[in-house]
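Engineer: Just work.cif, nothing more (mmCIF, C-alpha atoms and all ligand atoms):
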data_start
loop_
_atom_site.label_atom_id
_atom_site.label_comp_id
_atom_site.auth_asym_id
_atom_site.auth_seq_id
_atom_site.Cartn_x
_atom_site.Cartn_y
_atom_site.Cartn_z
CA MET N 1 6.06 11.05 11.27
CA SER N 2 9.68 10.64 12.16
CA THR N 3 10.98 14.20 12.10
CA LYS N 4 14.14 12.83 10.49
CA ALA N 5 12.52 11.46 7.35
CA THR N 6 12.19 13.70 4.34
CA VAL N 7 10.92 12.66 0.94
CA GLU N 8 14.41 13.35 -0.48
CA LYS N 9 16.11 11.08 2.06
CA LEU N 10 13.58 8.32 1.38
CA VAL N 11 13.92 8.53 -2.39
CA SER N 12 17.69 8.36 -2.04
CA LEU N 13 17.64 5.42 0.38
CA CYS N 14 15.09 3.58 -1.76
CA LYS N 15 17.21 3.89 -4.87
CA ARG N 16 20.56 3.18 -3.20
CA ARG N 17 19.31 0.03 -1.47
CA GLY N 18 17.08 -1.35 -4.19
CA LEU N 19 13.64 -0.63 -2.75
CA VAL N 20 12.13 1.67 -5.37
CA PHE N 21 13.42 2.84 -8.75
CA GLN N 22 12.03 5.33 -11.19
CA SER N 23 10.34 3.39 -14.01
CA SER N 24 12.38 3.20 -17.25
CA GLU N 25 15.03 5.37 -15.64
CA ILE N 26 17.64 4.88 -18.40
CA TYR N 27 15.21 6.60 -20.78
CA GLY N 28 14.56 9.51 -18.48
CA GLY N 29 11.71 7.84 -16.61
CA ILE N 30 7.96 8.30 -17.04
CA GLY N 31 5.90 10.38 -14.65
CA GLY N 32 3.81 8.55 -12.08
CA PHE N 33 5.29 5.08 -12.59
CA TRP N 34 7.72 3.34 -10.23
CA ASP N 35 9.50 -0.02 -10.09
CA TYR N 36 10.16 -2.06 -6.98
CA GLY N 37 13.66 -3.52 -6.64
CA PRO N 38 14.83 -6.67 -4.80
CA LEU N 39 14.13 -5.33 -1.31
CA GLY N 40 11.10 -3.28 -2.36
CA VAL N 41 9.25 -6.27 -3.70
CA GLU N 42 9.87 -8.12 -0.42
CA LEU N 43 8.51 -5.20 1.61
CA LYS N 44 5.51 -4.85 -0.67
CA ASN N 45 4.75 -8.58 -0.53
CA ASN N 46 5.01 -8.50 3.25
CA ILE N 47 2.48 -5.65 3.46
CA LYS N 48 0.08 -7.51 1.21
CA GLN N 49 0.51 -10.75 3.15
CA ALA N 50 -0.08 -8.98 6.48
CA TRP N 51 -3.29 -7.49 5.07
CA TRP N 52 -4.50 -10.78 3.58
CA LYS N 53 -3.80 -12.60 6.83
CA ALA N 54 -5.78 -10.04 8.84
CA VAL N 55 -8.79 -9.67 6.55
CA VAL N 56 -9.09 -13.10 4.89
CA GLN N 57 -7.12 -15.82 6.68
CA GLU N 58 -8.10 -14.85 10.22
CA ARG N 59 -11.77 -14.10 9.49
CA ASP N 60 -14.63 -16.46 8.74
CA ASP N 61 -16.70 -13.84 6.91
CA VAL N 62 -14.29 -12.73 4.15
CA VAL N 63 -13.07 -14.65 1.10
CA GLY N 64 -10.59 -13.66 -1.59
CA GLN N 65 -10.65 -13.30 -5.35
CA ASP N 66 -8.50 -11.95 -8.19
CA ALA N 67 -10.33 -10.36 -11.13
CA ALA N 68 -8.94 -9.34 -14.51
CA ILE N 69 -7.68 -5.80 -15.02
CA VAL N 70 -9.52 -5.31 -18.32
CA MET N 71 -13.28 -5.75 -18.02
CA ASN N 72 -16.33 -5.38 -20.22
CA PRO N 73 -16.51 -1.59 -20.78
CA THR N 74 -20.16 -1.51 -19.72
CA VAL N 75 -18.87 -2.05 -16.19
CA TRP N 76 -17.52 1.52 -16.25
CA LYS N 77 -20.74 2.87 -17.65
CA ALA N 78 -22.64 1.24 -14.79
CA SER N 79 -20.17 2.27 -12.11
CA GLY N 80 -20.31 5.89 -13.22
CA HIS N 81 -16.61 6.08 -14.08
CA LEU N 82 -17.17 6.84 -17.75
CA ASP N 83 -19.33 9.83 -16.93
CA THR N 84 -17.98 11.16 -13.67
CA PHE N 85 -14.45 9.89 -13.06
CA ALA N 86 -12.86 13.10 -14.16
CA ASP N 87 -10.90 16.03 -12.80
CA PRO N 88 -11.34 19.63 -13.94
CA MET N 89 -8.25 20.65 -15.85
CA VAL N 90 -6.89 23.91 -17.20
CA ASP N 91 -4.17 24.56 -19.79
CA CYS N 92 -1.72 27.46 -19.89
CA LYS N 93 -2.12 29.30 -23.17
CA GLU N 94 1.55 30.39 -23.06
CA CYS N 95 3.66 27.40 -21.94
CA LYS N 96 1.00 24.74 -22.71
CA LYS N 97 1.38 23.10 -19.27
CA ARG N 98 -1.68 21.37 -17.85
CA PHE N 99 -2.89 21.68 -14.26
CA ARG N 100 -5.68 20.40 -12.06
CA ALA N 101 -7.97 23.37 -11.52
CA ASP N 102 -8.62 22.44 -7.88
CA ASP N 103 -4.86 22.18 -7.20
CA LEU N 104 -4.31 25.73 -8.41
CA VAL N 105 -7.08 27.24 -6.37
CA GLY N 106 -6.00 25.20 -3.34
CA ALA N 107 -2.35 26.15 -3.63
CA VAL N 108 -2.94 29.85 -4.03
CA ALA N 109 -5.87 30.16 -1.67
CA ALA N 110 -3.96 28.59 1.22
CA GLY N 111 -2.07 31.77 2.08
CA THR N 112 -4.35 34.43 0.69
CA HIS N 113 -7.97 35.50 0.73
CA GLY N 114 -11.01 35.84 -1.46
CA HIS N 115 -10.64 37.97 -4.54
CA GLU N 116 -6.86 37.92 -4.59
CA ALA N 117 -6.81 34.10 -4.59
CA ALA N 118 -9.24 33.92 -7.46
CA VAL N 119 -7.18 36.34 -9.50
CA LYS N 120 -3.92 34.47 -8.89
CA ALA N 121 -5.49 31.10 -9.66
CA SER N 122 -6.46 32.33 -13.10
CA ARG N 123 -2.76 32.69 -14.07
CA CYS N 124 -0.28 29.89 -14.79
CA PRO N 125 1.82 29.14 -11.67
CA GLU N 126 4.83 28.33 -13.88
CA CYS N 127 4.97 31.30 -16.26
CA GLY N 128 2.10 33.59 -15.26
CA GLY N 129 0.40 33.00 -18.60
CA GLU N 130 -3.34 33.03 -19.17
CA LEU N 131 -5.25 29.83 -18.43
CA THR N 132 -8.09 28.20 -20.34
CA GLU N 133 -11.51 27.59 -18.76
CA PRO N 134 -11.57 24.30 -16.78
CA ARG N 135 -12.50 21.20 -18.81
CA MET N 136 -13.26 17.72 -17.49
CA PHE N 137 -10.55 15.15 -18.13
CA ASN N 138 -11.36 11.43 -17.66
CA LEU N 139 -8.76 9.64 -15.58
CA MET N 140 -9.19 6.18 -17.10
CA PHE N 141 -6.49 4.76 -19.38
CA LYS N 142 -7.96 3.62 -22.70
CA THR N 143 -6.90 0.62 -24.69
CA TYR N 144 -8.29 -1.56 -27.50
CA VAL N 145 -9.27 -5.21 -27.36
CA GLY N 146 -8.64 -7.20 -30.55
CA PRO N 147 -7.09 -6.10 -33.83
CA VAL N 148 -9.37 -3.16 -34.67
CA GLU N 149 -9.00 0.23 -33.01
CA ASN N 150 -12.45 1.78 -32.88
CA ASP N 151 -15.15 2.78 -30.42
CA ALA N 152 -16.56 -0.73 -30.31
CA SER N 153 -13.21 -2.21 -29.27
CA THR N 154 -12.39 0.44 -26.66
CA ALA N 155 -11.69 -0.90 -23.21
CA TYR N 156 -10.15 0.55 -20.06
CA LEU N 157 -7.52 -0.35 -17.52
CA ARG N 158 -9.50 -0.57 -14.30
CA PRO N 159 -9.31 2.58 -12.16
CA GLU N 160 -10.21 0.55 -9.05
CA THR N 161 -10.34 -3.14 -8.18
CA ALA N 162 -13.77 -2.78 -6.53
CA GLN N 163 -15.88 -3.29 -9.66
CA GLY N 164 -14.29 -6.70 -10.26
CA ILE N 165 -15.80 -7.71 -6.95
CA PHE N 166 -19.30 -6.30 -7.56
CA VAL N 167 -19.65 -8.09 -10.89
CA ASN N 168 -18.60 -11.38 -9.21
CA PHE N 169 -20.90 -10.98 -6.21
CA LEU N 170 -23.36 -13.66 -7.34
CA ASN N 171 -20.60 -16.06 -8.45
CA VAL N 172 -18.89 -15.87 -5.08
CA LEU N 173 -22.14 -16.04 -3.13
CA THR N 174 -23.23 -19.16 -5.03
CA ALA N 175 -19.82 -20.85 -4.97
CA THR N 176 -19.17 -20.33 -1.25
CA ARG N 177 -22.79 -20.74 -0.04
CA LYS N 178 -22.02 -18.05 2.53
CA LYS N 179 -24.54 -15.92 4.39
CA LEU N 180 -24.44 -12.17 4.94
CA PRO N 181 -22.41 -10.42 6.13
CA LEU N 182 -19.93 -11.55 3.51
CA GLY N 183 -16.75 -9.78 2.48
CA ILE N 184 -14.79 -10.28 -0.73
CA ALA N 185 -11.17 -9.15 -0.65
CA GLN N 186 -8.84 -8.48 -3.52
CA ILE N 187 -5.34 -7.14 -4.14
CA GLY N 188 -4.47 -5.85 -7.57
CA LYS N 189 -3.16 -3.16 -9.86
CA ALA N 190 -5.29 -0.17 -10.79
CA PHE N 191 -4.58 2.73 -13.14
CA ARG N 192 -5.48 6.39 -13.07
CA ASN N 193 -4.20 8.92 -15.53
CA GLU N 194 -3.55 11.52 -12.82
CA ILE N 195 -2.91 15.00 -14.15
CA THR N 196 -0.39 15.69 -11.41
CA PRO N 197 1.16 12.53 -9.96
CA GLY N 198 3.64 13.23 -7.22
CA ASN N 199 5.17 12.94 -3.79
CA PHE N 200 7.24 9.90 -4.74
CA ILE N 201 5.01 6.79 -4.69
CA PHE N 202 2.12 8.55 -2.94
CA ARG N 203 0.14 9.42 -6.05
CA ASP N 204 0.97 7.13 -8.98
CA ARG N 205 -0.64 6.50 -12.32
CA GLU N 206 -0.16 2.75 -11.86
CA PHE N 207 -0.67 1.53 -8.32
CA GLU N 208 -1.85 -1.42 -6.30
CA GLN N 209 -4.98 -1.58 -4.20
CA MET N 210 -6.12 -3.79 -1.35
CA GLU N 211 -9.90 -3.63 -1.25
CA ILE N 212 -12.71 -5.37 0.57
CA GLU N 213 -16.35 -5.12 -0.43
CA TYR N 214 -18.23 -6.18 2.67
CA PHE N 215 -21.86 -7.01 1.88
CA VAL N 216 -24.34 -6.53 4.72
CA LYS N 217 -28.06 -6.36 5.32
CA PRO N 218 -29.41 -2.83 4.91
CA GLY N 219 -29.94 -1.36 8.36
CA THR N 220 -26.82 -3.03 9.75
CA ASP N 221 -24.53 -0.97 7.52
CA GLU N 222 -23.71 1.78 10.01
CA GLU N 223 -22.72 -0.69 12.69
CA TRP N 224 -20.45 -2.60 10.27
CA HIS N 225 -19.00 0.65 9.02
CA LYS N 226 -17.83 1.43 12.57
CA HIS N 227 -16.45 -2.08 12.92
CA TRP N 228 -14.30 -1.75 9.81
CA VAL N 229 -13.00 1.72 10.70
CA GLU N 230 -11.78 0.33 14.02
CA GLU N 231 -10.38 -2.85 12.51
CA ARG N 232 -8.41 -1.02 9.87
CA TYR N 233 -7.10 1.68 12.23
CA ASN N 234 -5.86 -0.98 14.64
CA TRP N 235 -4.19 -2.91 11.83
CA TYR N 236 -1.88 0.02 11.16
CA LEU N 237 -0.98 0.38 14.82
CA GLY N 238 -0.39 -3.36 15.09
CA LEU N 239 2.18 -3.10 12.32
CA GLY N 240 4.07 -0.46 14.20
CA LEU N 241 2.87 2.89 12.86
CA ARG N 242 3.19 5.39 15.67
CA LYS N 243 -0.15 6.40 17.15
CA GLU N 244 0.57 10.12 16.94
CA ASN N 245 1.08 9.77 13.16
CA VAL N 246 -2.20 8.01 12.38
CA ARG N 247 -5.69 9.46 12.61
CA VAL N 248 -9.22 8.70 11.48
CA ARG N 249 -11.14 11.51 9.82
CA ARG N 250 -14.78 11.54 8.80
CA LEU N 251 -15.22 13.18 5.41
CA GLU N 252 -17.38 16.27 5.09
CA PRO N 253 -20.55 15.85 3.01
CA GLU N 254 -18.99 17.77 0.09
CA GLU N 255 -15.95 15.45 0.10
CA GLN N 256 -18.01 12.27 -0.35
CA ALA N 257 -17.87 10.29 -3.59
CA HIS N 258 -21.08 10.15 -5.61
CA TYR N 259 -21.87 6.60 -4.41
CA ALA N 260 -21.08 7.10 -0.72
CA LYS N 261 -23.45 7.61 2.18
CA ASP N 262 -20.58 8.15 4.61
CA THR N 263 -16.79 7.83 4.43
CA TYR N 264 -13.93 7.73 6.91
CA GLU N 265 -10.29 8.02 6.05
CA VAL N 266 -7.33 6.58 7.89
CA GLU N 267 -4.74 9.29 7.42
CA TYR N 268 -1.00 9.38 8.00
CA LEU N 269 1.23 12.33 8.82
CA PHE N 270 3.51 12.21 5.76
CA PRO N 271 6.36 14.73 5.29
CA MET N 272 3.94 16.69 3.08
CA GLY N 273 1.20 16.66 5.73
CA TRP N 274 -1.80 14.52 6.69
CA SER N 275 -2.83 12.39 3.70
CA GLU N 276 -5.08 9.42 3.04
CA LEU N 277 -3.83 5.87 3.54
CA GLU N 278 -7.18 4.18 3.28
CA GLY N 279 -10.78 5.16 2.66
CA ILE N 280 -13.58 3.26 4.37
CA ALA N 281 -16.82 4.07 2.59
CA ASN N 282 -20.43 3.06 2.97
CA ARG N 283 -21.26 2.54 -0.72
CA THR N 284 -24.85 1.54 0.09
CA ASP N 285 -26.49 -0.60 -2.61
CA PHE N 286 -25.40 1.83 -5.34
CA ASP N 287 -23.08 -0.51 -7.23
CA LEU N 288 -25.20 -3.67 -7.10
CA ARG N 289 -28.28 -1.73 -8.24
CA ARG N 290 -26.40 -0.09 -11.09
CA HIS N 291 -24.94 -3.41 -12.25
CA ALA N 292 -28.35 -5.04 -12.00
CA GLU N 293 -29.79 -2.27 -14.14
CA PHE N 294 -27.07 -2.39 -16.80
CA SER N 295 -26.66 -6.19 -16.92
CA GLY N 296 -30.31 -7.14 -16.57
CA ARG N 297 -29.34 -9.66 -13.89
CA GLU N 298 -30.83 -9.73 -10.41
CA LEU N 299 -27.97 -9.10 -8.02
CA GLU N 300 -29.81 -10.02 -4.87
CA TYR N 301 -29.47 -12.09 -1.74
CA PHE N 302 -32.23 -14.31 -0.39
CA ASP N 303 -32.58 -13.65 3.31
CA GLU N 304 -33.92 -16.82 4.92
CA GLU N 305 -34.86 -15.01 8.14
CA SER N 306 -37.27 -12.60 6.51
CA GLY N 307 -37.99 -14.73 3.45
CA GLU N 308 -37.20 -11.74 1.24
CA HIS N 309 -34.82 -10.94 -1.57
CA ILE N 310 -32.64 -7.99 -0.63
CA VAL N 311 -29.96 -5.91 -2.28
CA PRO N 312 -27.11 -5.78 0.23
CA TYR N 313 -25.38 -2.60 1.35
CA VAL N 314 -21.61 -2.48 1.04
CA ILE N 315 -18.87 -1.26 3.36
CA GLU N 316 -15.62 -0.77 1.46
CA PRO N 317 -12.22 -0.52 3.14
CA SER N 318 -9.89 0.48 0.30
CA ALA N 319 -6.15 0.95 0.79
CA GLY N 320 -3.28 1.81 -1.57
CA VAL N 321 -0.32 -0.53 -1.21
CA ASP N 322 2.25 1.94 -2.56
CA ARG N 323 1.32 4.77 -0.23
CA LEU N 324 1.19 2.34 2.70
CA LEU N 325 4.69 1.25 1.83
CA MET N 326 5.77 4.88 1.85
CA ALA N 327 4.08 5.47 5.22
CA PHE N 328 5.78 2.44 6.76
CA LEU N 329 9.15 3.68 5.49
CA VAL N 330 8.59 7.23 6.74
CA ASP N 331 7.49 5.96 10.13
CA ALA N 332 10.36 3.50 10.48
CA TYR N 333 13.10 5.87 9.36
CA ASP N 334 15.42 6.98 12.12
CA GLU N 335 18.91 8.36 12.58
CA GLU N 336 20.93 8.07 15.77
CA GLU N 337 24.46 8.78 16.93
CA VAL N 338 26.51 5.66 17.59
CA ARG N 339 30.18 6.11 18.43
CA LYS N 340 30.20 9.53 16.78
CA GLU N 341 28.75 8.14 13.58
CA THR N 342 25.23 8.51 12.29
CA ARG N 343 23.38 5.22 12.24
CA VAL N 344 20.48 5.21 9.74
CA ILE N 345 17.95 2.64 10.79
CA LEU N 346 14.57 1.46 9.56
CA ARG N 347 12.65 0.39 12.62
CA LEU N 348 10.27 -1.71 10.54
CA HIS N 349 7.92 -4.20 12.16
CA LYS N 350 9.49 -7.65 11.88
CA ASP N 351 6.62 -8.93 9.73
CA LEU N 352 7.34 -6.20 7.19
CA ALA N 353 11.16 -6.20 7.12
CA PRO N 354 12.35 -7.25 3.63
CA ILE N 355 15.22 -9.31 5.06
CA LYS N 356 14.59 -11.03 8.38
CA VAL N 357 18.07 -12.43 9.06
CA ALA N 358 21.52 -11.55 7.72
CA VAL N 359 24.35 -14.03 8.05
CA LEU N 360 27.73 -12.35 8.38
CA PRO N 361 31.08 -14.11 8.67
CA LEU N 362 33.43 -11.94 10.71
CA SER N 363 35.78 -11.79 7.72
CA ARG N 364 36.44 -13.50 4.42
CA ASN N 365 38.98 -15.78 6.09
CA GLU N 366 38.74 -19.16 4.36
CA LYS N 367 38.19 -20.99 7.67
CA LEU N 368 35.04 -18.98 8.33
CA VAL N 369 33.40 -19.47 4.95
CA PRO N 370 32.24 -23.12 5.30
CA PRO N 371 30.56 -22.71 8.71
CA ALA N 372 29.04 -19.37 7.66
CA ARG N 373 27.60 -20.95 4.51
CA GLU N 374 26.21 -23.81 6.60
CA VAL N 375 24.54 -21.38 8.97
CA TRP N 376 23.04 -19.52 6.02
CA ALA N 377 21.70 -22.77 4.55
CA LEU N 378 20.05 -23.44 7.90
CA VAL N 379 18.46 -19.99 8.14
CA ARG N 380 17.27 -19.45 4.57
CA LYS N 381 14.86 -22.37 4.72
CA HIS N 382 12.86 -20.44 7.31
CA TRP N 383 13.28 -16.74 6.49
CA MET N 384 14.17 -14.36 3.71
CA SER N 385 17.83 -13.88 4.47
CA GLN N 386 21.05 -12.42 3.11
CA TYR N 387 24.69 -13.43 3.22
CA ASP N 388 27.12 -10.54 3.29
CA ASP N 389 30.89 -10.75 3.63
CA ALA N 390 31.97 -7.47 1.99
CA GLN N 391 33.79 -4.82 4.09
CA SER N 392 34.11 -4.55 7.88
CA ILE N 393 31.55 -6.15 10.19
CA GLY N 394 30.55 -2.70 11.50
CA ARG N 395 29.72 -1.49 8.02
CA ARG N 396 27.71 -4.61 7.31
CA TYR N 397 25.65 -4.10 10.48
CA ARG N 398 24.93 -0.53 9.31
CA ARG N 399 23.85 -1.77 5.89
CA GLN N 400 21.39 -4.17 7.49
CA ASP N 401 20.11 -1.51 9.93
CA GLU N 402 19.46 0.80 7.02
CA VAL N 403 17.05 -1.67 5.39
CA GLY N 404 15.46 -2.75 8.66
CA THR N 405 16.86 -6.29 9.05
CA PRO N 406 15.80 -7.26 12.59
CA LEU N 407 18.50 -9.87 13.25
CA CYS N 408 22.10 -10.47 12.21
CA VAL N 409 23.96 -13.73 12.84
CA THR N 410 27.74 -13.45 13.05
CA VAL N 411 30.09 -16.37 12.53
CA ASP N 412 33.54 -15.74 14.06
CA PHE N 413 36.70 -17.68 14.94
CA ASP N 414 35.21 -18.88 18.23
CA THR N 415 32.54 -20.60 16.17
CA LEU N 416 35.22 -23.04 14.97
CA GLU N 417 35.76 -24.08 18.61
CA ASP N 418 32.37 -23.75 20.33
CA GLU N 419 29.96 -24.28 17.40
CA ALA N 420 28.06 -21.20 18.47
CA VAL N 421 27.23 -17.90 16.76
CA THR N 422 26.24 -14.39 17.83
CA ILE N 423 22.77 -12.97 17.25
CA ARG N 424 22.68 -9.17 17.12
CA GLU N 425 19.42 -7.25 17.38
CA ARG N 426 18.75 -4.24 15.18
CA ASP N 427 17.07 -1.87 17.63
CA SER N 428 19.00 -2.52 20.85
CA MET N 429 22.23 -3.70 19.15
CA GLU N 430 22.39 -6.30 21.92
CA GLN N 431 24.26 -9.48 21.18
CA VAL N 432 23.75 -12.99 22.50
CA ARG N 433 25.72 -16.15 21.86
CA VAL N 434 23.73 -19.26 20.91
CA PRO N 435 24.74 -22.76 19.80
CA ILE N 436 24.20 -23.38 16.08
CA ALA N 437 22.09 -26.41 17.01
CA GLY N 438 19.60 -24.09 18.72
CA LEU N 439 19.90 -21.15 16.29
CA VAL N 440 16.64 -21.54 14.39
CA GLU N 441 14.74 -21.89 17.65
CA ALA N 442 16.43 -18.80 19.11
CA LEU N 443 15.76 -16.75 15.98
CA ARG N 444 12.14 -17.84 15.94
CA GLU N 445 11.71 -16.76 19.54
CA LYS N 446 13.17 -13.34 18.77
CA MET N 447 11.11 -12.96 15.65
CA ASN N 448 7.91 -13.70 17.57
CA THR N 449 6.41 -15.04 14.37
CA GLY N 450 6.06 -18.53 13.02
CA ASP N 451 7.18 -19.34 9.50
ZN ZN G 1 2.46 28.74 -18.35
#
Now, as a test, write the supplied structure out as structure tokens.
Structural biologist:
Amino acid sequence: MSTKATVEKLVSLCKRRGLVFQSSEIYGGIGGFWDYGPLGVELKNNIKQAWWKAVVQERDDVVGQDAAIVMNPTVWKASGHLDTFADPMVDCKECKKRFRADDLVGAVAAGTHGHEAAVKASRCPECGGELTEPRMFNLMFKTYVGPVENDASTAYLRPETAQGIFVNFLNVLTATRKKLPLGIAQIGKAFRNEITPGNFIFRDREFEQMEIEYFVKPGTDEEWHKHWVEERYNWYLGLGLRKENVRVRRLEPEEQAHYAKDTYEVEYLFPMGWSELEGIANRTDFDLRRHAEFSGRELEYFDEESGEHIVPYVIEPSAGVDRLLMAFLVDAYDEEEVRKETRVILRLHKDLAPIKVAVLPLSRNEKLVPPAREVWALVRKHWMSQYDDAQSIGRRYRRQDEVGTPLCVTVDFDTLEDEAVTIRERDSMEQVRVPIAGLVEALREKMNTGD
């Protein structure tokens, strides 16, 4: 973690610069829901594209799909979510506030011991009132399909994208004629009615997942599990997260989900401590067997080598887009002294930066506007870019630094004579003069990415 980033600073920057807004803010907001503004949606799209490129485009063993959010409710019976996707919850008898039982015990037990912790956890942390016994609270959002609201029409907003992949396993297998190992990747919204959402966009009630279900022959699952842990860890480092802020942790047996044989987490050192970015679980054949049982369909793969029908095992790398976005912001955030002023800078990887190039005329002088507009027209065909002519050039550089724009192009009075412009780099603040005719080429070279 950058020692300079705090959650408060991030929230403030995100609002001020149009990255993330509180949902329905003019009505006082709604807990656990966030909106992405003009720059936020660019950053989010860039994260998703980088993921898709790494796990689908550049691999020959993974294909994509996009399933519906609302599914046949039997899916959630089969997956176990209807019965077990619940948190223990307690209510305060005095102030009526609701808490996660495990949060209370955890919070109090951290600094105390044994009996004392148990006693404290039985009182409301807000008002000291008496608490009810824990009750299980299902985290799925309910809705109704069709005009009648009854049990038969009850459906759920998916709490994970994974099940949309399991139920399509045969469709994808048949349509692609692929052999195992075969991965199916998907990016999409998921919903969990968290009792205590929090830490900005880290734990939301509506969030976006990037998941792969990677189907393998039983017996090769442990080897592929290792492969995916390495792949996913390296992906984060490749996109610039600092090595000292990223770690892989193997979950203890008591931390494992009911379907998992073994799980690793890629964790990031957030301002609130080490927290999960991505879980990489060995889900075994649990899901396919359950769906086979509940649907009556045979969800099997014919292995030509052995001449047998097998139920594949599944390795599942599952990441949350919103918390990744937060991690990339935390990691990129920096402050430095430049000419006795504080320069706030997002040192985002170029692939992730919301704006790649800003075009800045030195001033609003009418002679500079036409060439500056021409330069912008040239640039915007290739990259997400911005034109900014408000306030001094120094201020405009700072504004671009603050949102991580890697390159600024300045059009000045010399441009009128030499038909050249200045490229200024975000991190080094170095400037080079290049002819407009060679600008796109020069920018591309500095960007190190094609378009
Ligand atoms: Zn209370």
Engineer: Closest to Arg289 in chain N among N:Val167, N:Cys408, N:Val344, N:Met136, using only C-alpha atoms?
Structural biologist: N:Val167
Engineer: Record the distance separating CA of Ala437 in chain N and CA of Asp388 in chain N, expressed in Å with one decimal.
Structural biologist: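 These atoms are spaced 21.6 Å apart.
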Engineer: Find the residues around range 172-185 of chain N up to 6 Å (only C-alpha atoms counted), leave out those fewer than 5 positions away in its own chain, and share them as a list in words.
Structural biologist: Asp61, Val62, Val63, Gly64, Glu211, Ile212, Glu213, Tyr214, Phe215 and Val216 of chain N
Engineer: Could you check the closest approach to ligand ZN 1 (chain G) for each of N:Pro125, N:Gln49, N:Gly40, N:Cys14 and tell me which residue wins, using all atoms listed in the file?
Structural biologist: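 Result for the nearest residue to ligand ZN 1 (chain G): N:Pro125.
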Engineer: Taking 5 positions as the minimum chain separation for residues in the same chain, which residues sit within 12 Å of range 75-87 of chain N when counting all atoms listed in the file? Answer as a ChimeraX atom specification.
Structural biologist: /N:69-70,98-103,134-142,154-168,192-196,257-259,283,285-296
Engineer: What gap, in Å, lies between CA of Gly320 in chain N and CA of Thr284 in chain N?
Structural biologist: 21.6 Å
Engineer: Given only C-alpha atoms as the basis, pick out the residue of N:Lys381, N:Arg347, N:Lys189, N:Arg373 nearest to Glu335 in chain N.
Structural biologist: N:Arg347
Engineer: Using all atoms listed in the file, determine which residues fall within 6 Å of ligand ZN 1 (chain G), then list them as a PyMOL selection string.
Structural biologist: chain N and resi 92+94-95+97+124+126-129
Engineer: Could you check the closest approach to Thr342 in chain N for each of N:Asp401, N:Asp204, N:Asp414, N:Glu252 and tell me which residue wins, using all atoms listed in the file?
Structural biologist: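 Among the listed residues, N:Asp401 lies closest to Thr342 in chain N.
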Engineer: Could you state the separation of CA of Val330 in chain N and CA of Ala5 in chain N in Å, given to one decimal place?
Structural biologist: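 If I compute the distance from CA of Val330 in chain N to CA of Ala5 in chain N, I get 5.8 Å.
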Engineer: Which polymer residues have any atom within 8 Å of an atom of Leu348 in chain N, counting all atoms listed in the file, with same-chain residues fewer than 5 positions away left out, as a list in words?
Structural biologist: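 Answer for this query is Gly240, Phe328, Leu329, Ala332, Ala353 and Gly404 of chain N.
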Engineer: Find the residues around Asp262 in chain N up to 7 Å (only C-alpha atoms counted), leave out those fewer than 4 positions away in its own chain, and share them as a list in words.
Structural biologist: Gln256, Ala281 and Asn282 of chain N
Engineer: Produce a file of the selected residues containing C-alpha atoms, as a tab-separated table (two decimals), in the frame of the given file.
Structural biologist:
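Result file result_24.tsv:
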chain	number	residue	atom	x	y	z
N	256	GLN	CA	-18.01	12.27	-0.35
N	281	ALA	CA	-16.82	4.07	2.59
N	282	ASN	CA	-20.43	3.06	2.97
Engineer: Quick one: residues within 12 Å of Ala152 in chain N, only C-alpha atoms counted, chain neighbours fewer than 4 positions away excluded, as a compact mmCIF listing (two decimals) with C-alpha atoms, in the coordinates of the input?
Structural biologist:
# COMPACT_ATOMS: atom_id res chain seq x y z
CA ASN N 72 -16.33 -5.38 -20.22
CA PRO N 73 -16.51 -1.59 -20.78
CA THR N 74 -20.16 -1.51 -19.72
CA THR N 143 -6.90 0.62 -24.69
CA TYR N 144 -8.29 -1.56 -27.50
CA VAL N 145 -9.27 -5.21 -27.36
CA GLY N 146 -8.64 -7.20 -30.55
CA PRO N 147 -7.09 -6.10 -33.83
CA VAL N 148 -9.37 -3.16 -34.67
Engineer: Please produce, as a tab-separated table, a per-residue contact table for range 47-86 of chain N versus range 223-236 of chain N (criterion: any atom at most 12 Å away, only C-alpha atoms considered), showing the nearest atom pair and its distance in Å to one decimal, sorted by chain then residue number.
Structural biologist:
residue	atom	partner	partner_atom	distance
N:Ile47	CA	N:Tyr236	CA	10.5
N:Ala50	CA	N:Trp235	CA	9.1
N:Trp51	CA	N:Trp235	CA	8.2
N:Trp52	CA	N:Trp235	CA	11.4
N:Lys53	CA	N:Trp235	CA	10.9
N:Ala54	CA	N:Trp235	CA	7.9
N:Val55	CA	N:Glu231	CA	9.2
N:Arg59	CA	N:Glu231	CA	11.7
